[in-house]
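Listing of protein.cif, mmCIF, C-alpha atoms and all ligand atoms
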```cif
data_final
loop_
_atom_site.label_atom_id
_atom_site.label_comp_id
_atom_site.auth_asym_id
_atom_site.auth_seq_id
_atom_site.Cartn_x
_atom_site.Cartn_y
_atom_site.Cartn_z
CA MET S 557 70.88 141.82 100.09
CA VAL S 558 70.91 141.28 96.30
CA VAL S 559 73.45 138.61 95.34
CA LEU S 560 75.25 139.55 92.12
CA CYS S 561 76.89 136.63 90.33
CA GLU S 562 78.62 138.01 87.26
CA LYS S 563 82.32 138.07 88.10
CA ILE S 564 83.89 134.87 89.33
CA ALA S 565 87.32 134.09 90.74
CA VAL S 566 88.32 130.43 90.42
CA ILE S 567 91.07 129.28 92.74
CA GLY S 568 92.90 126.30 91.29
CA ALA S 569 93.53 125.51 87.63
CA GLY S 570 93.68 121.73 87.89
CA SER S 571 91.26 119.37 86.19
CA TRP S 572 88.11 120.52 87.93
CA GLY S 573 88.77 124.23 88.48
CA SER S 574 89.75 124.80 84.86
CA VAL S 575 86.72 122.97 83.46
CA LEU S 576 84.32 124.76 85.81
CA ALA S 577 85.92 128.08 84.82
CA ASN S 578 85.42 127.21 81.17
CA ILE S 579 81.71 126.47 81.71
CA LEU S 580 81.28 129.84 83.40
CA ILE S 581 82.97 131.63 80.52
CA LEU S 582 80.78 129.80 78.00
CA ASN S 583 77.77 130.81 80.14
CA GLY S 584 78.71 134.47 79.61
CA LYS S 585 80.36 135.20 82.97
CA GLN S 586 83.57 137.11 83.58
CA VAL S 587 86.10 134.66 85.00
CA CYS S 588 89.62 134.97 86.30
CA ILE S 589 91.35 131.74 87.29
CA TRP S 590 94.22 131.65 89.78
CA SER S 591 97.11 129.21 89.46
CA ARG S 592 100.27 129.07 91.58
CA ARG S 593 102.40 128.33 88.48
CA GLN S 594 103.47 131.03 86.02
CA GLU S 595 104.09 128.56 83.19
CA GLN S 596 100.54 127.23 83.49
CA VAL S 597 99.14 130.77 83.47
CA GLU S 598 101.06 131.52 80.27
CA GLU S 599 99.86 128.29 78.70
CA LEU S 600 96.23 129.04 79.56
CA ASN S 601 96.43 132.67 78.43
CA ASN S 602 98.45 132.14 75.24
CA LEU S 603 97.71 128.62 74.02
CA HIS S 604 94.33 128.16 75.79
CA THR S 605 95.37 124.67 76.84
CA ASN S 606 96.11 122.90 80.14
CA GLU S 607 98.22 120.04 78.84
CA HIS S 608 99.04 118.35 82.15
CA TYR S 609 95.46 118.12 83.37
CA LEU S 610 93.21 117.94 80.30
CA PRO S 611 95.33 117.45 77.20
CA LYS S 612 92.35 117.31 74.82
CA LEU S 613 90.57 120.51 75.90
CA LYS S 614 90.85 123.84 74.10
CA TYR S 615 89.73 126.51 76.58
CA ASP S 616 87.72 129.55 75.61
CA PRO S 617 90.20 132.37 74.85
CA ARG S 618 88.19 134.76 77.06
CA LEU S 619 89.34 132.82 80.15
CA GLU S 620 91.93 134.93 81.96
CA ALA S 621 94.52 133.20 84.15
CA THR S 622 96.79 134.85 86.71
CA THR S 623 99.21 134.00 89.48
CA SER S 624 98.09 137.13 91.33
CA LEU S 625 95.45 136.18 93.86
CA ALA S 626 94.62 139.87 94.39
CA ARG S 627 93.93 140.26 90.67
CA ALA S 628 91.74 137.16 90.55
CA LEU S 629 89.72 138.33 93.55
CA ALA S 630 89.30 141.97 92.49
CA GLY S 631 85.57 142.70 92.24
CA ALA S 632 84.60 139.01 92.39
CA ASP S 633 80.95 138.32 93.27
CA VAL S 634 81.70 134.61 93.59
CA ILE S 635 84.90 132.88 94.73
CA LEU S 636 85.17 129.23 93.75
CA PHE S 637 87.75 127.01 95.46
CA ALA S 638 88.73 123.97 93.36
CA ILE S 639 91.89 122.68 95.01
CA PRO S 640 92.72 119.62 97.11
CA THR S 641 91.11 119.59 100.55
CA LYS S 642 94.47 119.77 102.30
CA ALA S 643 95.17 123.15 100.64
CA ILE S 644 91.82 124.78 101.46
CA ARG S 645 92.61 126.32 104.85
CA ALA S 646 95.84 128.02 103.79
CA MET S 647 94.24 129.37 100.60
CA ALA S 648 91.19 130.59 102.51
CA GLN S 649 93.50 132.47 104.89
CA GLN S 650 95.19 134.18 101.92
CA VAL S 651 91.83 135.03 100.39
CA ALA S 652 90.60 136.49 103.69
CA THR S 653 93.57 138.84 103.94
CA LEU S 654 92.95 140.12 100.41
CA LEU S 655 89.20 140.66 100.57
CA LYS S 656 88.51 144.39 100.64
CA ALA S 657 86.20 145.93 103.24
CA GLY S 658 82.71 145.88 101.75
CA ALA S 659 83.43 142.80 99.62
CA HIS S 660 80.67 140.26 100.06
CA PRO S 661 81.15 137.40 97.60
CA VAL S 662 79.42 134.05 97.61
CA ILE S 663 82.03 131.46 98.60
CA VAL S 664 81.79 128.18 96.71
CA HIS S 665 83.91 125.07 96.87
CA ALA S 666 83.99 122.04 94.60
CA SER S 667 86.43 119.95 96.64
CA LYS S 668 85.68 116.57 98.19
CA GLY S 669 87.31 115.63 101.45
CA LEU S 670 87.69 116.21 105.19
CA GLU S 671 90.55 118.01 106.88
CA LEU S 672 93.03 115.68 108.52
CA LYS S 673 93.31 116.03 112.32
CA THR S 674 90.28 118.36 112.73
CA HIS S 675 88.00 116.14 110.58
CA LYS S 676 86.21 119.32 109.52
CA ARG S 677 84.14 119.65 106.38
CA ILE S 678 85.34 122.17 103.81
CA SER S 679 82.49 124.61 104.40
CA GLU S 680 83.40 124.59 108.10
CA ILE S 681 87.01 125.48 107.29
CA LEU S 682 85.90 128.27 104.95
CA ALA S 683 83.53 129.63 107.60
CA GLU S 684 86.36 129.69 110.13
CA GLU S 685 88.81 131.46 107.84
CA ILE S 686 86.68 133.94 105.88
CA PRO S 687 84.90 136.42 108.17
CA SER S 688 81.11 136.33 107.94
CA GLU S 689 80.96 140.08 107.16
CA ASN S 690 83.06 139.33 104.05
CA ARG S 691 80.88 136.65 102.52
CA ALA S 692 77.33 136.19 101.25
CA GLY S 693 77.05 132.45 101.91
CA ILE S 694 79.02 129.23 101.59
CA VAL S 695 78.06 126.72 98.92
CA ALA S 696 79.31 123.20 98.20
CA LEU S 697 79.13 122.27 94.52
CA SER S 698 79.13 118.50 94.34
CA GLY S 699 77.83 115.45 92.52
CA PRO S 700 78.71 112.81 89.93
CA SER S 701 80.99 114.73 87.60
CA HIS S 702 84.29 114.02 85.95
CA ALA S 703 86.22 116.90 84.44
CA GLU S 704 87.04 114.81 81.36
CA GLU S 705 83.32 114.32 80.57
CA VAL S 706 82.18 117.84 81.43
CA ALA S 707 85.02 119.13 79.22
CA ARG S 708 83.42 117.45 76.22
CA HIS S 709 79.95 118.73 77.19
CA ASP S 710 78.63 115.34 78.16
CA LEU S 711 75.45 115.50 80.31
CA THR S 712 76.15 116.16 83.98
CA LEU S 713 73.79 116.78 86.92
CA ILE S 714 75.14 118.10 90.18
CA THR S 715 74.07 119.93 93.35
CA ALA S 716 74.70 123.35 94.89
CA ALA S 717 74.28 122.87 98.63
CA ALA S 718 74.00 125.69 101.15
CA LYS S 719 72.08 126.69 104.23
CA ASP S 720 71.50 130.02 102.49
CA LYS S 721 69.06 129.33 99.64
CA LYS S 722 69.91 132.53 97.74
CA ALA S 723 73.59 131.62 97.64
CA ALA S 724 72.79 128.10 96.36
CA GLN S 725 70.49 129.57 93.73
CA CYS S 726 73.19 132.00 92.58
CA VAL S 727 75.52 129.05 91.99
CA GLN S 728 72.75 127.06 90.30
CA LYS S 729 72.07 129.97 87.97
CA ILE S 730 75.62 130.67 86.88
CA PHE S 731 76.42 127.06 86.03
CA MET S 732 73.19 125.80 84.43
CA ASN S 733 73.21 125.20 80.69
CA GLU S 734 72.07 122.57 78.19
CA TYR S 735 74.61 119.97 79.36
CA PHE S 736 75.20 120.99 82.98
CA ARG S 737 72.14 120.85 85.24
CA VAL S 738 72.37 122.02 88.85
CA TYR S 739 69.97 121.25 91.72
CA THR S 740 69.97 123.02 95.07
CA ASN S 741 70.02 121.27 98.45
CA SER S 742 69.93 122.71 101.97
CA ASP S 743 71.67 119.70 103.58
CA ILE S 744 75.26 120.86 103.12
CA ILE S 745 76.42 118.42 105.82
CA GLY S 746 75.09 115.39 103.94
CA VAL S 747 76.29 116.70 100.58
CA GLU S 748 79.86 117.30 101.77
CA LEU S 749 80.07 114.02 103.67
CA GLY S 750 78.70 111.96 100.77
CA ALA S 751 81.26 113.60 98.46
CA ALA S 752 84.14 112.91 100.83
CA PHE S 753 83.27 109.34 101.83
CA LYS S 754 82.48 107.96 98.36
CA ASN S 755 86.18 108.26 97.52
CA ILE S 756 87.01 105.65 100.18
CA ILE S 757 84.63 103.16 98.61
CA ALA S 758 85.97 104.00 95.13
CA LEU S 759 89.45 102.97 96.27
CA GLY S 760 87.92 99.64 97.29
CA ALA S 761 85.99 99.26 94.01
CA GLY S 762 89.17 99.87 92.05
CA ALA S 763 91.03 97.31 94.17
CA LEU S 764 88.35 94.68 93.48
CA HIS S 765 88.71 95.37 89.77
CA GLY S 766 92.49 95.19 89.93
CA LEU S 767 92.24 91.83 91.68
CA GLY S 768 89.85 90.48 89.03
CA TYR S 769 86.64 90.31 91.08
CA GLY S 770 83.34 90.55 89.18
CA ASP S 771 80.26 92.73 89.15
CA ASP S 772 78.57 91.02 92.13
CA ALA S 773 81.46 92.01 94.36
CA LYS S 774 81.41 95.61 93.09
CA ALA S 775 77.64 95.96 93.58
CA ALA S 776 78.00 94.56 97.10
CA LEU S 777 80.81 96.96 97.95
CA MET S 778 78.88 99.98 96.69
CA THR S 779 75.68 98.99 98.53
CA ARG S 780 77.30 98.17 101.84
CA GLY S 781 79.64 101.12 101.37
CA LEU S 782 76.66 103.44 101.03
CA ALA S 783 75.15 101.95 104.21
CA GLU S 784 78.21 102.79 106.26
CA ILE S 785 78.65 106.21 104.63
CA ALA S 786 75.08 107.04 105.62
CA ARG S 787 75.60 105.61 109.12
CA LEU S 788 78.52 107.93 109.86
CA GLY S 789 76.88 110.78 107.94
CA VAL S 790 73.70 110.63 110.03
CA ALA S 791 75.78 110.50 113.23
CA LEU S 792 77.44 113.72 112.04
CA GLY S 793 74.15 115.50 111.41
CA ALA S 794 73.28 114.65 107.79
CA ASP S 795 69.79 113.92 106.49
CA PRO S 796 69.76 110.22 105.49
CA MET S 797 67.79 111.05 102.31
CA THR S 798 70.74 113.03 100.97
CA PHE S 799 72.67 109.78 100.55
CA ILE S 800 70.21 108.53 97.94
CA GLY S 801 70.65 111.73 95.91
CA LEU S 802 73.17 112.92 93.35
CA THR S 803 75.87 113.64 95.91
CA GLY S 804 75.37 110.31 97.67
CA VAL S 805 74.60 107.24 95.60
CA GLY S 806 75.03 109.24 92.36
CA ASP S 807 78.61 110.20 93.07
CA LEU S 808 79.32 106.79 94.59
CA ILE S 809 78.27 105.07 91.35
CA VAL S 810 80.31 107.29 89.08
CA THR S 811 83.44 107.18 91.21
CA CYS S 812 83.25 103.40 91.71
CA THR S 813 82.76 102.65 88.02
CA SER S 814 84.59 105.27 85.98
CA VAL S 815 88.07 104.97 84.56
CA HIS S 816 88.30 108.75 84.94
CA SER S 817 88.23 108.47 88.74
CA ARG S 818 91.65 108.95 90.29
CA ASN S 819 90.46 107.13 93.42
CA TRP S 820 89.21 104.15 91.41
CA ARG S 821 92.43 104.08 89.39
CA ALA S 822 94.54 104.23 92.54
CA GLY S 823 92.56 101.29 93.97
CA ASP S 824 92.89 99.36 90.70
CA GLN S 825 96.67 99.81 90.80
CA LEU S 826 96.78 98.72 94.45
CA GLY S 827 94.80 95.62 93.49
CA ARG S 828 97.39 94.89 90.80
CA GLY S 829 100.11 94.96 93.44
CA GLN S 830 101.58 98.44 93.00
CA LYS S 831 102.88 100.33 96.03
CA LEU S 832 100.76 103.19 97.38
CA ALA S 833 103.70 105.63 97.36
CA ASP S 834 104.38 104.90 93.67
CA ILE S 835 100.71 105.29 92.77
CA VAL S 836 100.55 108.70 94.49
CA ALA S 837 103.81 109.82 92.89
CA ASN S 838 102.67 108.82 89.39
CA MET S 839 99.03 109.99 89.43
CA GLY S 840 99.98 113.68 88.99
CA MET S 841 96.59 114.67 90.42
CA VAL S 842 94.97 114.54 93.83
CA ILE S 843 93.68 111.20 95.23
CA GLU S 844 91.43 112.56 97.97
CA GLY S 845 90.28 109.16 99.29
CA ILE S 846 93.63 108.38 100.91
CA ASN S 847 93.42 111.19 103.48
CA THR S 848 89.66 110.84 103.78
CA THR S 849 89.98 107.17 104.72
CA LYS S 850 92.09 108.23 107.72
CA ALA S 851 89.70 111.01 108.72
CA ALA S 852 86.61 108.77 108.39
CA TYR S 853 88.29 105.89 110.23
CA GLU S 854 89.17 108.19 113.16
CA LEU S 855 85.69 109.73 113.20
CA ALA S 856 84.06 106.30 113.19
CA GLN S 857 86.23 105.27 116.16
CA GLN S 858 85.36 108.46 118.04
CA LYS S 859 81.63 108.15 117.37
CA GLN S 860 81.64 104.36 117.75
CA ILE S 861 80.08 103.86 114.33
CA GLU S 862 80.57 100.50 112.65
CA MET S 863 82.35 101.01 109.31
CA PRO S 864 83.88 97.66 108.38
CA ILE S 865 84.76 98.57 104.79
CA THR S 866 86.39 101.86 105.74
CA GLU S 867 88.28 100.05 108.48
CA ALA S 868 89.47 97.41 106.01
CA ILE S 869 90.64 100.05 103.54
CA TYR S 870 92.37 101.95 106.36
CA GLU S 871 94.25 98.78 107.31
CA VAL S 872 95.35 98.27 103.72
CA LEU S 873 96.44 101.89 103.17
CA TYR S 874 97.93 102.70 106.56
CA GLN S 875 98.88 99.38 108.15
CA GLY S 876 100.13 97.43 105.16
CA LYS S 877 97.47 94.71 105.34
CA GLU S 878 97.14 92.53 102.24
CA ILE S 879 93.94 93.37 100.32
CA LYS S 880 92.99 89.69 100.00
CA ALA S 881 93.35 89.24 103.76
CA ALA S 882 91.16 92.34 104.33
CA ILE S 883 88.50 90.90 102.00
CA ALA S 884 88.64 87.51 103.71
CA ASP S 885 88.15 89.16 107.12
CA LEU S 886 85.16 91.15 105.82
CA MET S 887 83.55 87.99 104.45
CA LYS S 888 84.10 86.14 107.76
CA ARG S 889 82.20 88.73 109.81
CA GLU S 890 79.24 87.40 111.76
CA GLY S 891 75.94 87.20 109.79
CA ARG S 892 73.81 90.35 110.19
CA SER S 893 70.30 91.61 109.44
CA GLU S 894 70.21 93.93 106.44
CA GLU S 895 67.34 96.07 107.83
CA GLU S 896 69.21 96.62 111.08
CA THR S 897 72.38 97.74 109.34
CA ASN S 898 71.13 99.80 106.39
CA TYR S 899 72.35 102.93 108.05
N1 LIG S 901 88.65 116.21 88.61
C1 LIG S 901 87.34 116.04 88.76
O1 LIG S 901 86.66 115.52 87.84
C2 LIG S 901 86.65 116.46 90.01
C3 LIG S 901 87.36 116.87 91.13
N2 LIG S 901 86.67 117.25 92.26
C4 LIG S 901 87.36 117.70 93.45
O2 LIG S 901 87.97 118.95 93.19
C5 LIG S 901 89.13 119.13 94.00
C6 LIG S 901 90.29 119.52 93.08
O3 LIG S 901 90.45 118.41 92.22
P1 LIG S 901 91.13 118.46 90.80
O4 LIG S 901 90.99 119.76 90.14
O5 LIG S 901 90.63 117.27 90.09
O6 LIG S 901 92.63 118.21 91.25
P2 LIG S 901 93.93 118.28 90.35
O7 LIG S 901 94.92 117.44 91.03
O8 LIG S 901 93.56 118.01 88.94
O9 LIG S 901 94.35 119.84 90.47
C7 LIG S 901 94.65 120.38 91.72
C8 LIG S 901 94.82 121.88 91.57
O10 LIG S 901 95.07 122.43 92.85
C9 LIG S 901 96.35 123.06 92.86
N3 LIG S 901 96.99 122.84 94.15
C10 LIG S 901 97.47 121.68 94.66
N4 LIG S 901 97.99 121.89 95.87
C11 LIG S 901 97.85 123.21 96.13
C12 LIG S 901 98.22 124.03 97.22
N5 LIG S 901 98.83 123.54 98.32
N6 LIG S 901 97.93 125.35 97.16
C13 LIG S 901 97.31 125.86 96.08
N7 LIG S 901 96.94 125.13 95.01
C14 LIG S 901 97.21 123.82 95.04
C15 LIG S 901 97.13 122.38 91.74
O11 LIG S 901 98.18 123.22 91.34
P3 LIG S 901 99.50 122.63 90.60
O12 LIG S 901 99.08 122.27 89.20
O13 LIG S 901 100.43 123.78 90.65
O14 LIG S 901 99.94 121.44 91.39
C16 LIG S 901 96.02 122.24 90.70
O15 LIG S 901 95.76 123.47 90.07
C17 LIG S 901 89.34 117.78 94.72
O16 LIG S 901 88.87 117.89 96.02
C18 LIG S 901 88.49 116.80 93.91
O17 LIG S 901 88.00 115.75 94.72
C19 LIG S 901 85.31 117.25 92.30
C20 LIG S 901 84.58 116.86 91.22
C21 LIG S 901 85.19 116.43 89.99
O1 LIG S 902 84.49 113.42 92.43
C1 LIG S 902 84.68 112.94 91.34
C2 LIG S 902 83.58 112.44 90.50
O2 LIG S 902 82.34 112.94 90.89
C3 LIG S 902 86.09 112.77 90.88
O3 LIG S 902 86.56 111.60 91.42
P1 LIG S 902 88.12 111.32 91.51
O4 LIG S 902 88.70 112.37 92.41
O5 LIG S 902 88.24 109.93 92.02
O6 LIG S 902 88.65 111.45 90.10
#
```
Would it be possible to restate this file's structure as structure tokens?
Amino acid sequence: MVVLCEKIAVIGAGSWGSVLANILILNGKQVCIWSRRQEQVEELNNLHTNEHYLPKLKYDPRLEATTSLARALAGADVILFAIPTKAIRAMAQQVATLLKAGAHPVIVHASKGLELKTHKRISEILAEEIPSENRAGIVALSGPSHAEEVARHDLTLITAAAKDKKAAQCVQKIFMNEYFRVYTNSDIIGVELGAAFKNIIALGAGALHGLGYGDDAKAALMTRGLAEIARLGVALGADPMTFIGLTGVGDLIVTCTSVHSRNWRAGDQLGRGQKLADIVANMGMVIEGINTTKAAYELAQQKQIEMPITEAIYEVLYQGKEIKAAIADLMKREGRSEEETNY
């Protein structure tokens, strides 16, 4: 079947959805973005701004926003979900009920997390909720990318991952331009897991910063964090090589070092002694790593995979352990061989 990729529905007008929609418009596509808030739709349509999420960005006036999901989906060749992981299943159910017989869009998501309780990846949730006869393929769009930088056309390289090569190539084609370069990858398991798990380590990197630790500590956390991400990822079916790519180490680096990262900022604030509930209440945007820490911790227990950093962060977030005590316990662990614990 020929995959047409001209008309795109973007679900979610937060930081990432709105910037991705703007790229597509600038790339000459027809885009309708869905938001659940009428005042935001009016702001996007009339002022071409999105003050809460990206106060400096002026959106292309051709970008149409709507609160009507049916309108956004009408005739869409591609449906892009860019909402928090916890909202994916309910939105996918709504989308499924509105897709007309004969509709066959490529389903893309740009979200980074695992579902709580089921521990499912986002593409698995989408596959469960959107009938296979109503979709052309499921693609995860992922990699080191902050909305704030993409908004100002800084250089960004990311990955469109799918089992179905044609669907990944469709997504690659619609997004590629002189500042946004997209690779394809068939290991959607590794891509989605790398994207989800790096947020846990970013919380830790932020906490180290907030506590005043130096670059040695941050490099150590990222390296050993990547080892345990890969360990769990491989146990869940990922190709280990994916973790040294854009969606693995690439995204880990950017999220653990950028002031734009909400996960890093949340960790930094924790390190400075703020309460988790206050940090969540004040961020005004999703901090995916908090839920993902729980999901990864539970998965690691189930699969009996050693994930000392994830466990330490879980204890801090969910059991009220002092960060300094968690660090001291990590440092006191028995000496190990690096080769035997790389992943
Ligand atoms: N920001 C970034 O640079 C990047 C983000 N991502 C990932 O993209 C996903 C979305 O992130 P981002 O755009 O940054 O998040 P934001 O917090 O900036 O925006 C979230 C968007 O989702 C909407 N939303 C929240 N809850 C629901 C719900 N229950 N039902 C429907 N819509 C909902 C929000 O609507 P409302 O405004 O009404 O609350 C808002 O439009 C995350 O998984 C994130 O990890 C990936 C790469 C880069
Ligand atoms: O995924 C991201 C960067 O690639 C965005 O990270 P945060 O959600 O921490 O802002």
Which residue gives the smallest distance to S:Ile835 among S:Ile579, S:Leu873, S:Cys588, S:Met887, with only C-alpha atoms counted?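 Of S:Ile579, S:Leu873, S:Cys588, S:Met887, the one nearest S:Ile835, counting only C-alpha atoms, is S:Leu873.
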Produce as a ChimeraX atom specification the set of residues near ligand LIG 902 (chain S), where near means within 9 Å with only C-alpha atoms and all ligand atoms considered. /S:572,666-668,698-703,714,751-752,754-755,758-759,803,806-812,814-822,841-845
Would you work out the distance separating atom CA of S:Ser574 from atom CA of S:Pro687, expressed in Å to one decimal? 26.5 Å
Please provide as an MDAnalysis selection string all residues within 12 Å of S:Glu894, with the sequence filter that same-chain residues fewer than 6 positions apart are discarded (counting all atoms listed in the file). chainID S and resid 779:780 783:784
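If you look at atom CA of S:Leu749 and atom CA of S:Ala868, they are 19.2 Å away from each other.
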Between atom CA of S:Ala718 and atom C15 of ligand LIG 901 (chain S), what is the distance, to one decimal in Å?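 We find that atom CA of S:Ala718 and atom C15 of ligand LIG 901 (chain S) lie 25.2 Å from each other.
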Contacts of S:Thr715 at 8 Å or less, counting all atoms listed in the file, minus same-chain residues fewer than 4 places along, as a PyMOL selection string? chain S and resi 696-699+728+738-741+802-803
Writing out the chosen residues with C-alpha atoms as a compact mmCIF listing (two decimals), keeping the file's coordinate frame:
```txt
# COMPACT_ATOMS: atom_id res chain seq x y z
CA ALA S 696 79.31 123.20 98.20
CA LEU S 697 79.13 122.27 94.52
CA SER S 698 79.13 118.50 94.34
CA GLY S 699 77.83 115.45 92.52
CA GLN S 728 72.75 127.06 90.30
CA VAL S 738 72.37 122.02 88.85
CA TYR S 739 69.97 121.25 91.72
CA THR S 740 69.97 123.02 95.07
CA ASN S 741 70.02 121.27 98.45
CA LEU S 802 73.17 112.92 93.35
CA THR S 803 75.87 113.64 95.91
```
Exercise: S:Ala569 partners within 8 Å, only C-alpha atoms, chain neighbours under 4 positions left out, as JSON, numbers by chain: {"S": [573, 574, 589, 590, 591, 638]}
Output file for the residues above (C-alpha atoms, as an mmCIF file, keeping the file's coordinate frame):
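Writing the result to selection_14.cif gives the following:
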```cif
data_model
loop_
_atom_site.group_PDB
_atom_site.id
_atom_site.type_symbol
_atom_site.label_atom_id
_atom_site.label_comp_id
_atom_site.auth_asym_id
_atom_site.auth_seq_id
_atom_site.Cartn_x
_atom_site.Cartn_y
_atom_site.Cartn_z
ATOM 1 C CA GLY S 573 88.770 124.230 88.480
ATOM 2 C CA SER S 574 89.750 124.800 84.860
ATOM 3 C CA ILE S 589 91.350 131.740 87.290
ATOM 4 C CA TRP S 590 94.220 131.650 89.780
ATOM 5 C CA SER S 591 97.110 129.210 89.460
ATOM 6 C CA ALA S 638 88.730 123.970 93.360
#
```
Adding 8 Å on each side of the box along x, y and z that holds all listed atoms of stretch 739-747 of chain S, could you give its centre and edge lengths in Å to one decimal, as JSON?
```
{"center_x": 73.2, "center_y": 119.2, "center_z": 98.8, "size_x": 22.5, "size_y": 23.6, "size_z": 30.1}
```
Under the rule that all atoms listed in the file are counted, which of S:Ala775, S:Ile785, S:Thr641, S:Arg892 is the nearest residue to S:His675?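 Smallest distance to S:His675 is found for S:Thr641.
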Could you tell me which of S:Ile564, S:Ile730, S:Val836, S:Leu767 comes closest to ligand LIG 901 (chain S) if we count only C-alpha atoms and all ligand atoms?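 For ligand LIG 901 (chain S), the nearest of the candidates is S:Val836.
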Give me the residues near S:Ala707 as a PDB file with C-alpha atoms, in the frame of the given file, where near means some atom within 12 Å (using all atoms listed in the file) and where sequence neighbours in that chain fewer than 4 positions away do not count.
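What ended up in selection_28.pdb:
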```pdb
ATOM      1  CA  SER S 571      91.260 119.370  86.190  1.00  0.00           C
ATOM      2  CA  TRP S 572      88.110 120.520  87.930  1.00  0.00           C
ATOM      3  CA  GLY S 573      88.770 124.230  88.480  1.00  0.00           C
ATOM      4  CA  SER S 574      89.750 124.800  84.860  1.00  0.00           C
ATOM      5  CA  VAL S 575      86.720 122.970  83.460  1.00  0.00           C
ATOM      6  CA  LEU S 576      84.320 124.760  85.810  1.00  0.00           C
ATOM      7  CA  ALA S 577      85.920 128.080  84.820  1.00  0.00           C
ATOM      8  CA  ASN S 578      85.420 127.210  81.170  1.00  0.00           C
ATOM      9  CA  ILE S 579      81.710 126.470  81.710  1.00  0.00           C
ATOM     10  CA  LEU S 582      80.780 129.800  78.000  1.00  0.00           C
ATOM     11  CA  THR S 605      95.370 124.670  76.840  1.00  0.00           C
ATOM     12  CA  ASN S 606      96.110 122.900  80.140  1.00  0.00           C
ATOM     13  CA  TYR S 609      95.460 118.120  83.370  1.00  0.00           C
ATOM     14  CA  LEU S 610      93.210 117.940  80.300  1.00  0.00           C
ATOM     15  CA  PRO S 611      95.330 117.450  77.200  1.00  0.00           C
ATOM     16  CA  LYS S 612      92.350 117.310  74.820  1.00  0.00           C
ATOM     17  CA  LEU S 613      90.570 120.510  75.900  1.00  0.00           C
ATOM     18  CA  LYS S 614      90.850 123.840  74.100  1.00  0.00           C
ATOM     19  CA  TYR S 615      89.730 126.510  76.580  1.00  0.00           C
ATOM     20  CA  ASP S 616      87.720 129.550  75.610  1.00  0.00           C
ATOM     21  CA  SER S 701      80.990 114.730  87.600  1.00  0.00           C
ATOM     22  CA  HIS S 702      84.290 114.020  85.950  1.00  0.00           C
ATOM     23  CA  ALA S 703      86.220 116.900  84.440  1.00  0.00           C
ATOM     24  CA  LEU S 711      75.450 115.500  80.310  1.00  0.00           C
ATOM     25  CA  THR S 712      76.150 116.160  83.980  1.00  0.00           C
ATOM     26  CA  TYR S 735      74.610 119.970  79.360  1.00  0.00           C
ATOM     27  CA  PHE S 736      75.200 120.990  82.980  1.00  0.00           C
TER      28      PHE S 736
END
```
Pull the neighbourhood of (85.1, 87.4, 98.8) for me: all residues within 12 Å in file coordinates, counting only C-alpha atoms, as a list of chain:residue names.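 Residues found, by chain and rising number: S:Leu764, S:Leu767, S:Gly768, S:Tyr769, S:Gly770, S:Asp772, S:Ala773, S:Lys774, S:Ala776, S:Leu777, S:Ile879, S:Lys880, S:Ala881, S:Ala882, S:Ile883, S:Ala884, S:Asp885, S:Leu886, S:Met887, S:Lys888, S:Arg889.
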Output C-alpha atoms for every residue in the selection just made, as a PDB file, in the frame of the given file.
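This is the output file result06.pdb:
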```
ATOM      1  CA  LEU S 764      88.350  94.680  93.480  1.00  0.00           C
ATOM      2  CA  LEU S 767      92.240  91.830  91.680  1.00  0.00           C
ATOM      3  CA  GLY S 768      89.850  90.480  89.030  1.00  0.00           C
ATOM      4  CA  TYR S 769      86.640  90.310  91.080  1.00  0.00           C
ATOM      5  CA  GLY S 770      83.340  90.550  89.180  1.00  0.00           C
ATOM      6  CA  ASP S 772      78.570  91.020  92.130  1.00  0.00           C
ATOM      7  CA  ALA S 773      81.460  92.010  94.360  1.00  0.00           C
ATOM      8  CA  LYS S 774      81.410  95.610  93.090  1.00  0.00           C
ATOM      9  CA  ALA S 776      78.000  94.560  97.100  1.00  0.00           C
ATOM     10  CA  LEU S 777      80.810  96.960  97.950  1.00  0.00           C
ATOM     11  CA  ILE S 879      93.940  93.370 100.320  1.00  0.00           C
ATOM     12  CA  LYS S 880      92.990  89.690 100.000  1.00  0.00           C
ATOM     13  CA  ALA S 881      93.350  89.240 103.760  1.00  0.00           C
ATOM     14  CA  ALA S 882      91.160  92.340 104.330  1.00  0.00           C
ATOM     15  CA  ILE S 883      88.500  90.900 102.000  1.00  0.00           C
ATOM     16  CA  ALA S 884      88.640  87.510 103.710  1.00  0.00           C
ATOM     17  CA  ASP S 885      88.150  89.160 107.120  1.00  0.00           C
ATOM     18  CA  LEU S 886      85.160  91.150 105.820  1.00  0.00           C
ATOM     19  CA  MET S 887      83.550  87.990 104.450  1.00  0.00           C
ATOM     20  CA  LYS S 888      84.100  86.140 107.760  1.00  0.00           C
ATOM     21  CA  ARG S 889      82.200  88.730 109.810  1.00  0.00           C
TER      22      ARG S 889
END
```
Out of S:Glu671, S:Glu862, S:Glu890, S:Glu685, which residue has the shortest atom-to-atom distance to S:Met647 when counting only C-alpha atoms? S:Glu685
Using only C-alpha atoms, give me every residue within 10 Å of (81.0, 110.0, 104.0) in file coordinates, as a ChimeraX atom specification. /S:668-670,745-757,781-790,792,794,799,804,848-849,851-852,866
Name all residues at most 10 Å from S:His604 (count all atoms listed in the file; drop same-chain ones fewer than 4 positions away) and give them as a count of residues only. 14
For ligand LIG 901 (chain S), the closest of S:Glu689, S:Glu595, S:Glu704, S:Glu607 counting only C-alpha atoms and all ligand atoms is S:Glu704
